[in-house]
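S.K.: Contents of data-v8.txt (compact mmCIF, C-alpha atoms) are given next:
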# COMPACT_ATOMS: atom_id res chain seq x y z
CA MET A 1 134.19 62.05 163.08
CA ARG A 2 136.92 64.60 163.78
CA ASN A 3 135.77 67.99 165.02
CA GLU A 4 136.76 71.06 163.02
CA THR A 5 139.59 73.04 164.57
CA LEU A 6 139.19 76.77 165.10
CA TRP A 7 141.92 77.31 162.50
CA GLU A 8 139.93 75.34 159.95
CA ALA A 9 136.81 77.31 160.86
CA LYS A 10 138.73 80.53 160.26
CA LYS A 11 139.83 79.25 156.85
CA ARG A 12 136.27 78.23 156.00
CA ASP A 13 135.11 81.77 156.72
CA ASN A 14 138.13 83.31 154.98
CA PRO A 15 139.67 81.00 152.35
CA GLY A 16 142.59 83.38 151.86
CA HIS A 17 143.67 83.27 155.49
CA SER A 18 146.51 80.75 155.06
CA ALA A 19 147.97 82.61 152.10
CA TRP A 20 147.86 85.82 154.16
CA TYR A 21 149.59 84.06 157.06
CA ILE A 22 152.36 82.72 154.83
CA GLN A 23 152.87 86.11 153.20
CA ARG A 24 152.94 87.84 156.58
CA PHE A 25 156.03 85.94 157.68
CA GLU A 26 157.66 86.22 154.27
CA GLN A 27 157.30 89.99 154.53
CA MET A 28 158.65 90.02 158.08
CA ARG A 29 161.66 88.02 156.90
CA ALA A 30 162.19 90.43 154.00
CA ASP A 31 162.03 93.32 156.46
CA GLY A 32 164.80 91.77 158.54
CA ALA A 33 162.66 90.74 161.51
CA ASP A 34 164.09 88.21 163.96
CA LEU A 35 161.94 85.12 163.39
CA HIS A 36 164.07 82.57 165.21
CA GLY A 37 163.67 83.34 168.90
CA GLU A 38 161.68 80.18 169.54
CA ALA A 39 164.14 78.01 167.62
CA ARG A 40 167.09 79.46 169.55
CA LEU A 41 165.54 78.47 172.87
CA ILE A 42 164.66 74.96 171.70
CA ASP A 43 168.16 74.55 170.26
CA VAL A 44 169.71 75.47 173.62
CA MET A 45 167.49 72.92 175.39
CA ALA A 46 168.36 70.14 172.95
CA SER A 47 171.35 67.86 172.65
CA ARG A 48 173.02 67.87 169.26
CA ASN A 49 171.12 66.04 166.51
CA ALA A 50 168.04 65.79 168.73
CA ARG A 51 164.71 64.48 167.49
CA ILE A 52 162.27 67.39 167.63
CA LEU A 53 158.55 67.55 166.83
CA ASP A 54 157.22 70.90 165.63
CA ALA A 55 153.57 70.51 166.63
CA GLY A 56 151.39 72.92 164.69
CA CYS A 57 154.34 73.76 162.48
CA GLY A 58 152.59 76.13 160.08
CA PRO A 59 154.85 76.98 157.12
CA GLY A 60 157.89 75.56 158.89
CA ARG A 61 159.46 78.68 160.34
CA ILE A 62 160.61 77.05 163.60
CA GLY A 63 161.12 73.48 162.45
CA GLY A 64 163.04 74.57 159.38
CA GLU A 65 165.46 76.63 161.46
CA LEU A 66 165.95 73.77 163.92
CA ALA A 67 166.73 71.45 161.02
CA ARG A 68 169.25 74.00 159.72
CA ARG A 69 170.88 73.82 163.17
CA GLY A 70 171.35 70.09 162.75
CA HIS A 71 168.34 68.53 164.45
CA GLN A 72 166.08 65.75 163.16
CA VAL A 73 162.76 67.55 162.78
CA VAL A 74 159.25 66.32 162.07
CA GLY A 75 156.49 68.89 161.58
CA VAL A 76 152.74 68.38 161.79
CA ASP A 77 149.97 70.84 160.97
CA VAL A 78 146.26 70.52 160.21
CA ASP A 79 146.47 72.94 157.28
CA PRO A 80 147.62 71.38 153.96
CA GLU A 81 148.36 74.83 152.53
CA LEU A 82 150.81 75.61 155.31
CA ILE A 83 152.43 72.19 154.97
CA GLU A 84 152.96 72.78 151.26
CA ALA A 85 154.69 76.06 152.08
CA ALA A 86 156.89 74.24 154.62
CA LYS A 87 157.85 71.61 152.03
CA THR A 88 158.71 74.32 149.52
CA ASP A 89 160.93 76.27 151.91
CA HIS A 90 162.44 73.29 153.75
CA PRO A 91 162.29 70.25 151.43
CA ASP A 92 164.69 68.14 153.51
CA VAL A 93 162.42 68.15 156.59
CA GLU A 94 159.66 65.59 157.22
CA TRP A 95 156.29 67.39 157.17
CA HIS A 96 152.83 65.84 157.76
CA VAL A 97 149.24 67.04 157.52
CA GLY A 98 147.40 66.01 160.67
CA ASP A 99 145.26 67.07 163.60
CA LEU A 100 147.24 67.12 166.84
CA SER A 101 144.28 65.61 168.69
CA GLU A 102 144.86 62.48 166.56
CA LEU A 103 148.67 62.59 166.64
CA ASP A 104 150.04 59.07 166.15
CA LEU A 105 153.42 59.09 164.41
CA HIS A 106 155.40 55.92 163.78
CA ASP A 107 158.98 55.15 162.77
CA ASP A 108 159.94 53.02 159.79
CA ASP A 109 160.00 49.91 162.00
CA GLY A 110 156.38 50.50 163.03
CA GLY A 111 157.10 51.68 166.56
CA ARG A 112 155.71 54.94 167.89
CA SER A 113 157.95 57.90 167.14
CA VAL A 114 159.45 59.50 170.23
CA PHE A 115 161.04 62.92 170.47
CA ASP A 116 163.58 64.55 172.72
CA LEU A 117 161.68 67.82 172.45
CA ILE A 118 158.25 68.91 171.27
CA VAL A 119 157.66 72.57 170.49
CA CYS A 120 154.13 73.93 170.15
CA ALA A 121 154.31 77.66 169.48
CA GLY A 122 152.35 80.29 167.58
CA ASN A 123 149.15 80.12 169.68
CA VAL A 124 148.45 76.64 168.29
CA MET A 125 146.71 75.59 171.51
CA THR A 126 144.12 78.33 171.05
CA PHE A 127 143.23 77.14 167.52
CA LEU A 128 142.42 73.54 168.46
CA ALA A 129 138.92 72.14 168.24
CA PRO A 130 137.16 73.07 171.49
CA GLY A 131 137.57 70.43 174.17
CA THR A 132 140.56 68.67 172.54
CA ALA A 133 143.45 70.36 174.35
CA GLU A 134 143.80 67.57 176.90
CA ASP A 135 143.89 64.99 174.08
CA VAL A 136 146.61 66.98 172.33
CA LEU A 137 148.69 67.20 175.49
CA ARG A 138 148.18 63.49 176.14
CA ASN A 139 149.47 62.79 172.63
CA PHE A 140 152.51 64.95 173.35
CA ALA A 141 153.19 62.87 176.45
CA ALA A 142 152.89 59.65 174.43
CA HIS A 143 155.47 60.88 171.91
CA LEU A 144 158.08 62.12 174.38
CA ALA A 145 161.25 60.17 175.07
CA PRO A 146 161.67 59.21 178.77
CA GLU A 147 163.70 62.35 179.54
CA GLY A 148 161.96 64.43 176.88
CA ARG A 149 160.33 67.81 177.30
CA ALA A 150 157.57 69.75 175.57
CA VAL A 151 157.56 73.54 175.27
CA VAL A 152 154.08 74.98 174.75
CA ALA A 153 153.43 78.70 174.32
CA PHE A 154 150.39 80.88 173.68
CA GLY A 155 148.90 84.24 174.55
CA ALA A 156 146.15 85.29 176.91
CA GLY A 157 142.71 86.46 175.80
CA ARG A 158 142.25 83.81 173.12
CA GLY A 159 139.53 81.70 174.70
CA TYR A 160 141.85 79.22 176.46
CA SER A 161 143.04 80.38 179.84
CA PHE A 162 146.39 79.60 181.39
CA ASP A 163 144.64 78.02 184.39
CA THR A 164 142.64 75.69 182.13
CA PHE A 165 145.80 74.79 180.27
CA LEU A 166 147.61 73.87 183.49
CA THR A 167 144.65 71.74 184.55
CA ASP A 168 144.76 69.98 181.17
CA VAL A 169 148.52 69.48 181.54
CA GLU A 170 148.03 67.62 184.80
CA ALA A 171 145.13 65.58 183.44
CA ALA A 172 147.28 64.54 180.47
CA GLY A 173 149.94 63.09 182.76
CA LEU A 174 152.43 65.91 182.27
CA THR A 175 154.21 68.15 184.78
CA CYS A 176 154.82 71.85 184.30
CA ASP A 177 158.47 72.23 185.26
CA ALA A 178 158.82 75.93 184.48
CA ARG A 179 156.81 78.93 183.28
CA PHE A 180 158.10 82.02 181.52
CA ALA A 181 156.47 85.15 180.11
CA THR A 182 158.52 85.30 176.89
CA TRP A 183 160.73 83.15 174.69
CA GLU A 184 163.63 85.13 176.18
CA LEU A 185 162.70 83.58 179.54
CA ARG A 186 161.38 86.66 181.29
CA PRO A 187 159.80 85.61 184.62
CA TRP A 188 156.14 84.63 184.45
CA THR A 189 153.69 86.28 186.85
CA SER A 190 149.94 86.12 187.31
CA SER A 191 149.63 89.29 185.22
CA SER A 192 151.67 88.00 182.26
CA ASP A 193 149.83 88.02 178.94
CA PHE A 194 151.95 85.24 177.40
CA LEU A 195 152.99 81.83 178.67
CA VAL A 196 155.91 79.63 177.69
CA ALA A 197 155.53 76.37 179.62
CA VAL A 198 158.16 73.65 179.86
CA LEU A 199 156.52 70.26 180.40
CA SER A 200 157.77 66.76 181.12
CA THR A 201 156.39 63.33 181.94
CA THR A 202 158.37 63.04 185.17
Can the structure from this file be put into structure tokens for me?
M.R.:
Amino acid sequence: MRNETLWEAKKRDNPGHSAWYIQRFEQMRADGADLHGEARLIDVMASRNARILDAGCGPGRIGGELARRGHQVVGVDVDPELIEAAKTDHPDVEWHVGDLSELDLHDDDGGRSVFDLIVCAGNVMTFLAPGTAEDVLRNFAAHLAPEGRAVVAFGAGRGYSFDTFLTDVEAAGLTCDARFATWELRPWTSSSDFLVAVLSTT
């Protein structure tokens, strides 16, 4: 039986949490906030018309923008309410409800889907079911094209340390090629409170 994610636990305690989360970004957009910093970085890293997985896509903020920039995007999130919002705002993108610890996407011909880039932003790693981070990272590795990369980002002080994450990265068969402190690629140091990690299988 699948373990409940911390996001699902939060929703169980507060059934209005997803609606609040959706509205939060809608208000930020209405206020003119820049919501596309993550997508800009991923777009720069990608070849044109790249296959990109938005892992923990929420209401489709990043994946929808990457699709608008011409990429083939698939989004996955454990929260059906967020997926419905993504489908409403970005109906031409492929969105799926699913737990990243059980990620197993397939193409129309039955083969496993592979991606040029995987982006996992928005503190998704800190909302997983406890003890499943290595499984999630292993699934990322399984869905990467041979020269593909995954970009995983989250903040400190959320119950999942950067050191533990890097240990899980290695255990999952991935290599951390680069670390940054922001999506604008500020240098990462041991005192940074945010991590943007670029991972590969090589």
S.K.: List the spatial neighbours of Lys87 of chain A as a PyMOL selection string - criterion: any atom at most 12 Å away, only C-alpha atoms, same-chain residues fewer than 2 positions off excluded.
M.R.: chain A and resi 57-61+63-64+74-77+80-85+89-97
S.K.: At a cut-off of 8 Å, using only C-alpha atoms, what residues contact segment 4-19 of chain A? Leave out same-chain residues fewer than 5 positions from it and give the result as a ChimeraX atom specification.
M.R.: /A:78-79,81-82,126-130
S.K.: My list of candidates is A:Thr189, A:Gly159, A:Thr202, A:Met125. Which is closest to Asp177 of chain A when distances are computed with only C-alpha atoms?
M.R.: A:Thr202
S.K.: I'd like the interatomic distance between atom CA of Ala121 of chain A and atom CA of Ala86 of chain A, to a tenth of an Å.
M.R.: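 For atom CA of Ala121 of chain A relative to atom CA of Ala86 of chain A, the distance reads 15.5 Å.
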S.K.: Would you mind listing what lies within 9 Å of Glu65 of chain A as number ranges by chain, with all atoms listed in the file counted and same-chain residues fewer than 3 positions away left out?
M.R.: A: 36, 39-40, 60-62, 68-70, 90
S.K.: Any idea what the distance is between atom CA of Gly56 of chain A and atom CA of Gly98 of chain A?
M.R.: 8.9 Å
S.K.: Could you check the closest approach to Val198 of chain A for each of A:Ala133, A:Phe165, A:Phe180, A:Arg112 and tell me which residue wins, using all atoms listed in the file?
M.R.: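 Among A:Ala133, A:Phe165, A:Phe180, A:Arg112, it is A:Phe180 that comes nearest to Val198 of chain A.
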S.K.: Within 12 Å of Val136 of chain A, counting only C-alpha atoms, which residues show up once you throw out same-chain ones fewer than 4 positions away? Write them as a ChimeraX atom specification, please.
M.R.: /A:55-56,98-104,118,120,124-132,140-143,150,152,165,168-169,171-174
S.K.: To one decimal place, how far is atom CA of Gly122 of chain A from atom CA of Glu38 of chain A in Å?
M.R.: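 Atom-to-atom, atom CA of Gly122 of chain A to atom CA of Glu38 of chain A, that is 9.5 Å.
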S.K.: Please list as number ranges by chain every residue within 12 Å of Leu185 of chain A, counting all atoms listed in the file and excluding residues in the same chain fewer than 2 positions away.
M.R.: A: 37-38, 40-42, 153, 178-183, 187-189, 194-198
S.K.: Check the smallest atom-to-atom distance from each of A:Asp107, A:Ala33, A:Asp193, A:Asp135 to Gly157 of chain A using all atoms listed in the file, then report the winner.
M.R.: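 Using all atoms listed in the file, Gly157 of chain A sits closest to A:Asp193.
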S.K.: Taking only C-alpha atoms into account, name the residue in A:Ala156, A:Val151, A:Ile22, A:Val119 that is nearest to Thr175 of chain A.
M.R.: A:Val151
S.K.: Please determine, counting only C-alpha atoms, which residue among A:Leu199, A:Cys176, A:Leu66, A:Leu144 has the shortest atom-to-atom distance to Val44 of chain A.
M.R.: A:Leu66
S.K.: Using all atoms listed in the file, which residue out of A:Glu134, A:Asp116, A:Glu184, A:Glu170 lies closest to Met45 of chain A?
M.R.: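 The closest residue to Met45 of chain A is A:Asp116.
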